[in-house]
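**Student:** The structure file target-v1.pdb (PDB, C-alpha atoms, pLDDT in the B column) is provided below.
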MODEL        1
ATOM      1  CA  MET I   1     -29.405  15.220 -23.671  1.00 55.00           C
ATOM      2  CA  LEU I   2     -32.444  13.860 -25.317  1.00 57.00           C
ATOM      3  CA  MET I   3     -34.473  10.954 -24.228  1.00 57.00           C
ATOM      4  CA  LEU I   4     -35.587   8.666 -26.947  1.00 58.00           C
ATOM      5  CA  LEU I   5     -38.624   6.707 -25.966  1.00 57.00           C
ATOM      6  CA  MET I   6     -39.658   3.872 -28.131  1.00 57.00           C
ATOM      7  CA  GLU I   7     -42.992   2.293 -28.672  1.00 58.00           C
ATOM      8  CA  CYS I   8     -44.380  -0.069 -31.154  1.00 58.00           C
ATOM      9  CA  HIS I   9     -47.745  -1.125 -32.433  1.00 56.00           C
ATOM     10  CA  GLY I  10     -49.240  -3.784 -34.556  1.00 55.00           C
ATOM     11  CA  SER I  11     -49.681  -7.489 -34.186  1.00 55.00           C
ATOM     12  CA  LEU I  12     -46.486  -8.085 -32.288  1.00 58.00           C
ATOM     13  CA  PHE I  13     -45.961  -7.850 -28.581  1.00 53.00           C
ATOM     14  CA  LEU I  14     -43.336  -5.235 -27.951  1.00 56.00           C
ATOM     15  CA  ARG I  15     -41.494  -3.522 -25.199  1.00 59.00           C
ATOM     16  CA  ARG I  16     -40.811   0.120 -24.584  1.00 66.00           C
ATOM     17  CA  GLU I  17     -37.287   1.324 -23.987  1.00 77.00           C
ATOM     18  CA  ARG I  18     -35.634   4.611 -23.271  1.00 83.00           C
ATOM     19  CA  VAL I  19     -32.227   5.862 -24.394  1.00 90.00           C
ATOM     20  CA  LYS I  20     -30.530   9.147 -23.641  1.00 92.00           C
ATOM     21  CA  VAL I  21     -28.622  10.518 -26.584  1.00 93.00           C
ATOM     22  CA  LYS I  22     -26.585  13.547 -27.497  1.00 91.00           C
ATOM     23  CA  PRO I  23     -27.254  15.360 -30.768  1.00 93.00           C
ATOM     24  CA  GLY I  24     -24.531  14.578 -33.268  1.00 93.00           C
ATOM     25  CA  GLU I  25     -23.532  11.261 -31.726  1.00 92.00           C
ATOM     26  CA  SER I  26     -24.581   8.032 -33.329  1.00 93.00           C
ATOM     27  CA  ALA I  27     -26.507   5.789 -30.988  1.00 93.00           C
ATOM     28  CA  LEU I  28     -27.913   2.317 -30.940  1.00 93.00           C
ATOM     29  CA  ALA I  29     -31.344   1.435 -29.624  1.00 90.00           C
ATOM     30  CA  PHE I  30     -33.212  -1.836 -29.507  1.00 89.00           C
ATOM     31  CA  TYR I  31     -36.779  -2.791 -29.883  1.00 85.00           C
ATOM     32  CA  THR I  32     -37.831  -6.317 -29.102  1.00 82.00           C
ATOM     33  CA  ALA I  33     -40.654  -8.038 -30.874  1.00 82.00           C
ATOM     34  CA  GLU I  34     -42.288 -11.316 -30.101  1.00 83.00           C
ATOM     35  CA  ASN I  35     -44.688 -13.247 -32.256  1.00 85.00           C
ATOM     36  CA  ARG I  36     -47.161 -14.664 -29.797  1.00 85.00           C
ATOM     37  CA  SER I  37     -49.411 -16.146 -32.435  1.00 86.00           C
ATOM     38  CA  SER I  38     -49.324 -19.664 -33.808  1.00 90.00           C
ATOM     39  CA  ALA I  39     -48.507 -18.620 -37.347  1.00 91.00           C
ATOM     40  CA  PRO I  40     -45.558 -16.821 -38.963  1.00 92.00           C
ATOM     41  CA  ILE I  41     -46.017 -13.104 -39.266  1.00 88.00           C
ATOM     42  CA  THR I  42     -44.521 -11.255 -42.215  1.00 90.00           C
ATOM     43  CA  GLY I  43     -44.638  -7.536 -42.469  1.00 85.00           C
ATOM     44  CA  VAL I  44     -42.913  -4.248 -42.925  1.00 84.00           C
ATOM     45  CA  SER I  45     -42.217  -1.648 -40.290  1.00 82.00           C
ATOM     46  CA  THR I  46     -42.358   2.052 -40.690  1.00 80.00           C
ATOM     47  CA  TYR I  47     -41.645   4.670 -38.168  1.00 83.00           C
ATOM     48  CA  ASN I  48     -42.997   7.870 -36.763  1.00 85.00           C
ATOM     49  CA  VAL I  49     -41.206  10.585 -34.829  1.00 90.00           C
ATOM     50  CA  ALA I  50     -42.888  12.791 -32.276  1.00 89.00           C
ATOM     51  CA  PRO I  51     -43.034  15.675 -31.844  1.00 92.00           C
ATOM     52  CA  MET I  52     -43.369  16.056 -35.582  1.00 93.00           C
ATOM     53  CA  LYS I  53     -41.252  19.193 -35.664  1.00 94.00           C
ATOM     54  CA  ALA I  54     -38.277  17.196 -34.395  1.00 94.00           C
ATOM     55  CA  ALA I  55     -38.579  14.589 -37.129  1.00 93.00           C
ATOM     56  CA  ILE I  56     -36.374  16.544 -39.535  1.00 94.00           C
ATOM     57  CA  TYR I  57     -33.489  16.135 -37.091  1.00 94.00           C
ATOM     58  CA  PHE I  58     -33.892  12.410 -36.669  1.00 92.00           C
ATOM     59  CA  ASN I  59     -31.572  10.453 -38.935  1.00 91.00           C
ATOM     60  CA  LYS I  60     -31.528   6.712 -39.206  1.00 86.00           C
ATOM     61  CA  ILE I  61     -28.194   5.298 -40.204  1.00 88.00           C
ATOM     62  CA  GLN I  62     -29.417   1.737 -40.253  1.00 83.00           C
ATOM     63  CA  CYS I  63     -32.545   0.021 -39.046  1.00 82.00           C
ATOM     64  CA  PHE I  64     -34.680  -3.046 -39.382  1.00 81.00           C
ATOM     65  CA  CYS I  65     -37.432  -1.164 -41.068  1.00 76.00           C
ATOM     66  CA  PHE I  66     -38.570  -0.689 -44.650  1.00 74.00           C
ATOM     67  CA  GLU I  67     -38.037  -4.272 -45.695  1.00 81.00           C
ATOM     68  CA  GLU I  68     -40.218  -7.298 -45.152  1.00 86.00           C
ATOM     69  CA  GLN I  69     -39.289  -9.293 -42.098  1.00 86.00           C
ATOM     70  CA  THR I  70     -40.787 -12.557 -40.915  1.00 89.00           C
ATOM     71  CA  LEU I  71     -41.167 -13.787 -37.363  1.00 88.00           C
ATOM     72  CA  LEU I  72     -41.914 -17.427 -36.759  1.00 91.00           C
ATOM     73  CA  PRO I  73     -44.496 -18.438 -34.144  1.00 91.00           C
ATOM     74  CA  GLY I  74     -43.061 -17.868 -30.696  1.00 89.00           C
ATOM     75  CA  GLU I  75     -39.998 -16.136 -32.052  1.00 90.00           C
ATOM     76  CA  GLN I  76     -38.587 -13.234 -30.133  1.00 88.00           C
ATOM     77  CA  ILE I  77     -36.294 -10.952 -32.084  1.00 86.00           C
ATOM     78  CA  ASP I  78     -34.298  -7.828 -31.506  1.00 86.00           C
ATOM     79  CA  MET I  79     -34.906  -4.953 -33.841  1.00 86.00           C
ATOM     80  CA  PRO I  80     -32.073  -2.469 -33.688  1.00 90.00           C
ATOM     81  CA  VAL I  81     -32.019   1.090 -34.874  1.00 90.00           C
ATOM     82  CA  PHE I  82     -28.753   2.943 -35.344  1.00 92.00           C
ATOM     83  CA  PHE I  83     -29.370   6.645 -35.572  1.00 93.00           C
ATOM     84  CA  TYR I  84     -28.320  10.153 -34.659  1.00 92.00           C
ATOM     85  CA  ILE I  85     -30.005  13.427 -33.925  1.00 93.00           C
ATOM     86  CA  ASP I  86     -28.702  16.155 -36.201  1.00 94.00           C
ATOM     87  CA  PRO I  87     -26.511  18.534 -34.160  1.00 94.00           C
ATOM     88  CA  GLU I  88     -28.422  21.479 -35.589  1.00 95.00           C
ATOM     89  CA  PHE I  89     -31.211  20.381 -33.310  1.00 95.00           C
ATOM     90  CA  GLU I  90     -29.381  22.138 -30.480  1.00 93.00           C
ATOM     91  CA  THR I  91     -29.353  25.523 -32.153  1.00 95.00           C
ATOM     92  CA  ASP I  92     -32.891  25.545 -33.505  1.00 96.00           C
ATOM     93  CA  PRO I  93     -35.030  27.761 -31.254  1.00 96.00           C
ATOM     94  CA  LYS I  94     -38.120  25.820 -32.338  1.00 95.00           C
ATOM     95  CA  MET I  95     -36.634  22.827 -30.524  1.00 94.00           C
ATOM     96  CA  ASP I  96     -36.443  24.613 -27.192  1.00 93.00           C
ATOM     97  CA  GLY I  97     -38.226  22.543 -24.627  1.00 91.00           C
ATOM     98  CA  VAL I  98     -38.062  19.391 -26.722  1.00 93.00           C
ATOM     99  CA  ASN I  99     -36.313  17.029 -24.356  1.00 91.00           C
ATOM    100  CA  ASN I 100     -38.031  13.842 -25.360  1.00 90.00           C
ATOM    101  CA  ILE I 101     -38.390  12.392 -28.783  1.00 91.00           C
ATOM    102  CA  VAL I 102     -40.589   9.383 -29.261  1.00 88.00           C
ATOM    103  CA  LEU I 103     -39.719   6.983 -32.004  1.00 87.00           C
ATOM    104  CA  SER I 104     -42.579   4.623 -32.753  1.00 83.00           C
ATOM    105  CA  TYR I 105     -42.731   1.764 -35.155  1.00 80.00           C
ATOM    106  CA  THR I 106     -45.798   0.293 -36.702  1.00 78.00           C
ATOM    107  CA  PHE I 107     -45.579  -3.160 -38.171  1.00 77.00           C
ATOM    108  CA  PHE I 108     -47.854  -3.746 -41.119  1.00 79.00           C
ATOM    109  CA  LYS I 109     -48.624  -7.336 -41.917  1.00 81.00           C
ATOM    110  CA  VAL I 110     -48.173  -8.380 -45.491  1.00 82.00           C
ATOM    111  CA  LYS I 111     -50.808 -10.663 -46.948  1.00 67.00           C
ATOM    112  CA  GLU I 112     -49.130 -13.684 -48.505  1.00 56.00           C
TER     113      GLU I 112
ATOM    114  CA  MET S   1     -44.988  19.158 -44.998  1.00 40.00           C
ATOM    115  CA  SER S   2     -48.008  16.915 -44.960  1.00 40.00           C
ATOM    116  CA  ALA S   3     -46.930  14.464 -47.591  1.00 40.00           C
ATOM    117  CA  GLY S   4     -48.672  11.488 -46.153  1.00 41.00           C
ATOM    118  CA  GLY S   5     -49.954   8.217 -47.408  1.00 42.00           C
ATOM    119  CA  ALA S   6     -46.758   6.246 -47.728  1.00 45.00           C
ATOM    120  CA  PHE S   7     -47.037   3.120 -45.569  1.00 48.00           C
ATOM    121  CA  GLY S   8     -50.282   4.526 -44.232  1.00 46.00           C
ATOM    122  CA  GLY S   9     -48.339   7.020 -42.202  1.00 46.00           C
ATOM    123  CA  ASN S  10     -50.142  10.257 -42.668  1.00 45.00           C
ATOM    124  CA  ARG S  11     -48.803  12.250 -39.819  1.00 49.00           C
ATOM    125  CA  GLY S  12     -46.948  14.820 -41.847  1.00 53.00           C
ATOM    126  CA  VAL S  13     -43.342  13.971 -42.574  1.00 60.00           C
ATOM    127  CA  ARG S  14     -42.793  11.321 -45.215  1.00 68.00           C
ATOM    128  CA  PRO S  15     -40.772   8.329 -43.941  1.00 72.00           C
ATOM    129  CA  VAL S  16     -37.168   8.454 -45.046  1.00 77.00           C
ATOM    130  CA  PRO S  17     -35.225   5.244 -45.619  1.00 77.00           C
ATOM    131  CA  PRO S  18     -32.137   4.691 -43.478  1.00 79.00           C
ATOM    132  CA  GLU S  19     -28.890   6.163 -44.736  1.00 80.00           C
ATOM    133  CA  LYS S  20     -26.916   2.962 -44.805  1.00 78.00           C
ATOM    134  CA  GLY S  21     -29.625   0.416 -45.335  1.00 77.00           C
ATOM    135  CA  VAL S  22     -31.532  -2.213 -43.495  1.00 79.00           C
ATOM    136  CA  PHE S  23     -30.419  -4.601 -40.780  1.00 81.00           C
ATOM    137  CA  PRO S  24     -31.490  -8.150 -41.481  1.00 87.00           C
ATOM    138  CA  LEU S  25     -32.974  -9.621 -38.338  1.00 89.00           C
ATOM    139  CA  ASP S  26     -30.632 -11.650 -36.180  1.00 91.00           C
ATOM    140  CA  HIS S  27     -32.828 -14.759 -36.204  1.00 92.00           C
ATOM    141  CA  LEU S  28     -30.040 -16.980 -34.920  1.00 94.00           C
ATOM    142  CA  HIS S  29     -29.277 -14.557 -32.084  1.00 95.00           C
ATOM    143  CA  GLU S  30     -25.632 -14.545 -33.071  1.00 96.00           C
ATOM    144  CA  CYS S  31     -24.970 -11.162 -31.541  1.00 96.00           C
ATOM    145  CA  ASP S  32     -27.063 -11.591 -28.420  1.00 96.00           C
ATOM    146  CA  LEU S  33     -24.054 -11.422 -26.136  1.00 97.00           C
ATOM    147  CA  GLU S  34     -22.907  -8.104 -27.532  1.00 97.00           C
ATOM    148  CA  LYS S  35     -26.462  -6.795 -27.355  1.00 95.00           C
ATOM    149  CA  LYS S  36     -26.793  -7.864 -23.740  1.00 95.00           C
ATOM    150  CA  ASP S  37     -23.494  -6.195 -22.846  1.00 96.00           C
ATOM    151  CA  TYR S  38     -24.717  -2.981 -24.394  1.00 96.00           C
ATOM    152  CA  LEU S  39     -28.089  -3.105 -22.663  1.00 94.00           C
ATOM    153  CA  ALA S  40     -26.411  -3.900 -19.340  1.00 95.00           C
ATOM    154  CA  CYS S  41     -24.213  -0.859 -19.818  1.00 96.00           C
ATOM    155  CA  LEU S  42     -27.245   1.306 -20.544  1.00 94.00           C
ATOM    156  CA  LYS S  43     -28.872   0.016 -17.402  1.00 93.00           C
ATOM    157  CA  SER S  44     -25.835   0.817 -15.288  1.00 96.00           C
ATOM    158  CA  THR S  45     -25.402   4.319 -16.709  1.00 95.00           C
ATOM    159  CA  GLY S  46     -29.034   5.406 -16.570  1.00 93.00           C
ATOM    160  CA  ALA S  47     -29.535   4.768 -20.280  1.00 92.00           C
ATOM    161  CA  GLN S  48     -26.818   7.166 -21.418  1.00 92.00           C
ATOM    162  CA  SER S  49     -25.784   5.948 -24.823  1.00 92.00           C
ATOM    163  CA  GLU S  50     -22.592   8.030 -24.987  1.00 91.00           C
ATOM    164  CA  LYS S  51     -21.178   6.038 -22.069  1.00 93.00           C
ATOM    165  CA  CYS S  52     -21.794   2.765 -23.803  1.00 95.00           C
ATOM    166  CA  ARG S  53     -20.335   3.458 -27.204  1.00 95.00           C
ATOM    167  CA  MET S  54     -17.730   0.744 -26.956  1.00 95.00           C
ATOM    168  CA  PHE S  55     -20.499  -1.812 -26.517  1.00 96.00           C
ATOM    169  CA  SER S  56     -22.602  -0.545 -29.376  1.00 95.00           C
ATOM    170  CA  LYS S  57     -19.451  -0.591 -31.509  1.00 95.00           C
ATOM    171  CA  LYS S  58     -18.832  -4.219 -30.541  1.00 96.00           C
ATOM    172  CA  TYR S  59     -22.407  -5.076 -31.388  1.00 96.00           C
ATOM    173  CA  LEU S  60     -22.145  -3.563 -34.831  1.00 95.00           C
ATOM    174  CA  GLU S  61     -18.793  -5.254 -35.385  1.00 95.00           C
ATOM    175  CA  CYS S  62     -20.419  -8.550 -34.435  1.00 96.00           C
ATOM    176  CA  ARG S  63     -23.114  -7.951 -37.040  1.00 95.00           C
ATOM    177  CA  MET S  64     -20.540  -7.144 -39.673  1.00 93.00           C
ATOM    178  CA  GLY S  65     -18.650 -10.301 -38.858  1.00 94.00           C
ATOM    179  CA  ARG S  66     -21.742 -12.422 -39.385  1.00 94.00           C
ATOM    180  CA  ASN S  67     -23.142 -10.843 -42.497  1.00 91.00           C
ATOM    181  CA  LEU S  68     -25.857  -9.071 -40.563  1.00 91.00           C
ATOM    182  CA  MET S  69     -24.593  -5.704 -41.624  1.00 89.00           C
ATOM    183  CA  ALA S  70     -22.588  -4.369 -44.530  1.00 87.00           C
ATOM    184  CA  LYS S  71     -18.941  -4.085 -43.578  1.00 88.00           C
ATOM    185  CA  GLN S  72     -17.777  -0.548 -43.287  1.00 87.00           C
ATOM    186  CA  ASP S  73     -15.264   1.527 -41.460  1.00 89.00           C
ATOM    187  CA  MET S  74     -16.411   2.284 -37.926  1.00 90.00           C
ATOM    188  CA  SER S  75     -15.350   5.883 -38.372  1.00 90.00           C
ATOM    189  CA  GLU S  76     -18.033   6.182 -41.050  1.00 88.00           C
ATOM    190  CA  LEU S  77     -20.571   5.247 -38.409  1.00 89.00           C
ATOM    191  CA  GLY S  78     -19.410   7.896 -35.992  1.00 89.00           C
ATOM    192  CA  PHE S  79     -17.049   5.772 -33.903  1.00 91.00           C
ATOM    193  CA  SER S  80     -13.500   6.696 -33.064  1.00 85.00           C
ATOM    194  CA  ASP S  81     -10.553   4.721 -31.755  1.00 79.00           C
ATOM    195  CA  ALA S  82     -11.480   6.106 -28.360  1.00 77.00           C
ATOM    196  CA  ASP S  83     -14.633   4.011 -28.378  1.00 77.00           C
ATOM    197  CA  VAL S  84     -13.009   0.959 -26.944  1.00 75.00           C
ATOM    198  CA  VAL S  85     -13.124  -0.756 -23.608  1.00 60.00           C
ATOM    199  CA  VAL S  86     -10.614   1.176 -21.490  1.00 57.00           C
ATOM    200  CA  THR S  87      -7.736  -1.194 -20.626  1.00 48.00           C
ATOM    201  CA  PRO S  88      -7.112  -4.864 -21.271  1.00 52.00           C
ATOM    202  CA  SER S  89      -7.433  -5.703 -17.587  1.00 55.00           C
ATOM    203  CA  GLU S  90     -10.649  -3.747 -17.300  1.00 53.00           C
ATOM    204  CA  GLU S  91     -11.887  -5.442 -20.433  1.00 52.00           C
ATOM    205  CA  LYS S  92     -11.261  -8.830 -18.873  1.00 55.00           C
ATOM    206  CA  HIS S  93     -13.123  -7.640 -15.792  1.00 55.00           C
ATOM    207  CA  LYS S  94     -15.992  -6.411 -17.916  1.00 51.00           C
ATOM    208  CA  LEU S  95     -16.261  -9.673 -19.770  1.00 57.00           C
ATOM    209  CA  GLN S  96     -16.497 -11.520 -16.487  1.00 56.00           C
ATOM    210  CA  SER S  97     -19.068  -9.218 -14.925  1.00 51.00           C
ATOM    211  CA  PRO S  98     -20.648  -6.896 -17.474  1.00 50.00           C
ATOM    212  CA  ALA S  99     -23.206  -5.408 -15.084  1.00 50.00           C
ATOM    213  CA  SER S 100     -20.804  -4.201 -12.452  1.00 45.00           C
ATOM    214  CA  ASP S 101     -18.592  -1.797 -14.322  1.00 43.00           C
ATOM    215  CA  SER S 102     -19.821   1.569 -13.172  1.00 42.00           C
ATOM    216  CA  LYS S 103     -16.891   2.306 -10.911  1.00 42.00           C
ATOM    217  CA  GLU S 104     -14.959   4.455 -13.360  1.00 39.00           C
ATOM    218  CA  ARG S 105     -17.997   6.145 -14.833  1.00 39.00           C
ATOM    219  CA  LYS S 106     -19.444   9.269 -13.402  1.00 38.00           C
TER     220      LYS S 106
ENDMDL
END
So, in terms of structure tokens, how does the structure I just supplied come out?
**Tutor:**
Amino acid sequence: MLMLLMECHGSLFLRRERVKVKPGESALAFYTAENRSSAPITGVSTYNVAPMKAAIYFNKIQCFCFEEQTLLPGEQIDMPVFFYIDPEFETDPKMDGVNNIVLSYTFFKVKE
Amino acid sequence: MSAGGAFGGNRGVRPVPPEKGVFPLDHLHECDLEKKDYLACLKSTGAQSEKCRMFSKKYLECRMGRNLMAKQDMSELGFSDADVVVTPSEEKHKLQSPASDSKERK
């Protein structure tokens, strides 16, 4: 089983979660973001997978990322990611010892 | 594979868009209950997602029902008919007390 740790960066306050997943099985994970400023925040999220060598096995089925999203002041929102780890991960010797994959999101503010 | 630069992410692998698209944010918190059930299940199973598939399925079905996700067959998303809450009576029990359902799980 893999552990998927999640982090996030940027101008939003975010929480870290952990999900254990099996390669080949689709899984749902949640980030939570909160806009603690007094103005709406609009931006786009992109992701990073670590270790980098595992990134080729990480497949997002659906996520909140890649499109502009706006959070109103004080708004707290769930940001789900529906994904799977390619089953070939299990047979790749280069993945030996990779038991944790960290999925991080960075939220880039868009200037309006 | 150091194709970097897109979105400022220059750590090697170029970001790949999701296979089936983007979730709009659930600003009205319409699927909060389903989300909470899923997270409660994760908590009670030590974060094992395979044991909580019925709840993640319900969450996605909730999204589909409220235009927060494109409607599609659950089998296309990796779910089977086995990914349901076990029996009707257990389902009723789960709905009443979602955090206390670990008795039949190993």
**Student:** Expand the PyMOL selection byres ((chain I) within 10 of (chain S)) into the explicit residue set it covers here, and present it as a PDB file with C-alpha atoms, in the coordinates of the input.
**Tutor:**
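Output file result23.pdb follows:
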ATOM      1  CA  MET I   1     -29.405  15.220 -23.671  1.00 55.00           C
ATOM      2  CA  LEU I   2     -32.444  13.860 -25.317  1.00 57.00           C
ATOM      3  CA  MET I   3     -34.473  10.954 -24.228  1.00 57.00           C
ATOM      4  CA  LEU I   4     -35.587   8.666 -26.947  1.00 58.00           C
ATOM      5  CA  GLU I  17     -37.287   1.324 -23.987  1.00 77.00           C
ATOM      6  CA  ARG I  18     -35.634   4.611 -23.271  1.00 83.00           C
ATOM      7  CA  VAL I  19     -32.227   5.862 -24.394  1.00 90.00           C
ATOM      8  CA  LYS I  20     -30.530   9.147 -23.641  1.00 92.00           C
ATOM      9  CA  VAL I  21     -28.622  10.518 -26.584  1.00 93.00           C
ATOM     10  CA  LYS I  22     -26.585  13.547 -27.497  1.00 91.00           C
ATOM     11  CA  GLY I  24     -24.531  14.578 -33.268  1.00 93.00           C
ATOM     12  CA  GLU I  25     -23.532  11.261 -31.726  1.00 92.00           C
ATOM     13  CA  SER I  26     -24.581   8.032 -33.329  1.00 93.00           C
ATOM     14  CA  ALA I  27     -26.507   5.789 -30.988  1.00 93.00           C
ATOM     15  CA  LEU I  28     -27.913   2.317 -30.940  1.00 93.00           C
ATOM     16  CA  ALA I  29     -31.344   1.435 -29.624  1.00 90.00           C
ATOM     17  CA  PHE I  30     -33.212  -1.836 -29.507  1.00 89.00           C
ATOM     18  CA  VAL I  44     -42.913  -4.248 -42.925  1.00 84.00           C
ATOM     19  CA  SER I  45     -42.217  -1.648 -40.290  1.00 82.00           C
ATOM     20  CA  THR I  46     -42.358   2.052 -40.690  1.00 80.00           C
ATOM     21  CA  TYR I  47     -41.645   4.670 -38.168  1.00 83.00           C
ATOM     22  CA  ASN I  48     -42.997   7.870 -36.763  1.00 85.00           C
ATOM     23  CA  VAL I  49     -41.206  10.585 -34.829  1.00 90.00           C
ATOM     24  CA  ALA I  50     -42.888  12.791 -32.276  1.00 89.00           C
ATOM     25  CA  MET I  52     -43.369  16.056 -35.582  1.00 93.00           C
ATOM     26  CA  LYS I  53     -41.252  19.193 -35.664  1.00 94.00           C
ATOM     27  CA  ALA I  55     -38.579  14.589 -37.129  1.00 93.00           C
ATOM     28  CA  ILE I  56     -36.374  16.544 -39.535  1.00 94.00           C
ATOM     29  CA  PHE I  58     -33.892  12.410 -36.669  1.00 92.00           C
ATOM     30  CA  ASN I  59     -31.572  10.453 -38.935  1.00 91.00           C
ATOM     31  CA  LYS I  60     -31.528   6.712 -39.206  1.00 86.00           C
ATOM     32  CA  ILE I  61     -28.194   5.298 -40.204  1.00 88.00           C
ATOM     33  CA  GLN I  62     -29.417   1.737 -40.253  1.00 83.00           C
ATOM     34  CA  CYS I  63     -32.545   0.021 -39.046  1.00 82.00           C
ATOM     35  CA  PHE I  64     -34.680  -3.046 -39.382  1.00 81.00           C
ATOM     36  CA  CYS I  65     -37.432  -1.164 -41.068  1.00 76.00           C
ATOM     37  CA  PHE I  66     -38.570  -0.689 -44.650  1.00 74.00           C
ATOM     38  CA  GLU I  67     -38.037  -4.272 -45.695  1.00 81.00           C
ATOM     39  CA  GLU I  68     -40.218  -7.298 -45.152  1.00 86.00           C
ATOM     40  CA  GLN I  69     -39.289  -9.293 -42.098  1.00 86.00           C
ATOM     41  CA  THR I  70     -40.787 -12.557 -40.915  1.00 89.00           C
ATOM     42  CA  LEU I  71     -41.167 -13.787 -37.363  1.00 88.00           C
ATOM     43  CA  LEU I  72     -41.914 -17.427 -36.759  1.00 91.00           C
ATOM     44  CA  GLU I  75     -39.998 -16.136 -32.052  1.00 90.00           C
ATOM     45  CA  GLN I  76     -38.587 -13.234 -30.133  1.00 88.00           C
ATOM     46  CA  ILE I  77     -36.294 -10.952 -32.084  1.00 86.00           C
ATOM     47  CA  ASP I  78     -34.298  -7.828 -31.506  1.00 86.00           C
ATOM     48  CA  MET I  79     -34.906  -4.953 -33.841  1.00 86.00           C
ATOM     49  CA  PRO I  80     -32.073  -2.469 -33.688  1.00 90.00           C
ATOM     50  CA  VAL I  81     -32.019   1.090 -34.874  1.00 90.00           C
ATOM     51  CA  PHE I  82     -28.753   2.943 -35.344  1.00 92.00           C
ATOM     52  CA  PHE I  83     -29.370   6.645 -35.572  1.00 93.00           C
ATOM     53  CA  TYR I  84     -28.320  10.153 -34.659  1.00 92.00           C
ATOM     54  CA  THR I 106     -45.798   0.293 -36.702  1.00 78.00           C
ATOM     55  CA  PHE I 107     -45.579  -3.160 -38.171  1.00 77.00           C
ATOM     56  CA  PHE I 108     -47.854  -3.746 -41.119  1.00 79.00           C
TER      57      PHE I 108
END
**Student:** Name the residues captured by the PyMOL selection byres ((chain I and resi 39) around 9) when it is applied to the shown file; answer as a list in words.
**Tutor:** Asn35, Arg36, Ser37, Ser38, Pro40, Ile41, Leu71, Leu72, Pro73 and Gly74 of chain I
**Student:** For atom CA of S:Gln72 and atom CA of S:Leu33, determine how far apart the two atoms are, in Å to one decimal place.
**Tutor:** 21.3 Å
**Student:** How many Å lie between atom CA of S:Ala82 and atom CA of I:Ile101, rounded to one decimal?
**Tutor:**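 Atom CA of I:Ile101 lies 27.6 Å from atom CA of S:Ala82.
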**Student:** Calculate how many Å separate atom CA of S:Lys36 from atom CA of I:Pro23, rounding to one decimal.
**Tutor:**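 Computing the Euclidean distance for atom CA of S:Lys36 and atom CA of I:Pro23 yields 24.3 Å.
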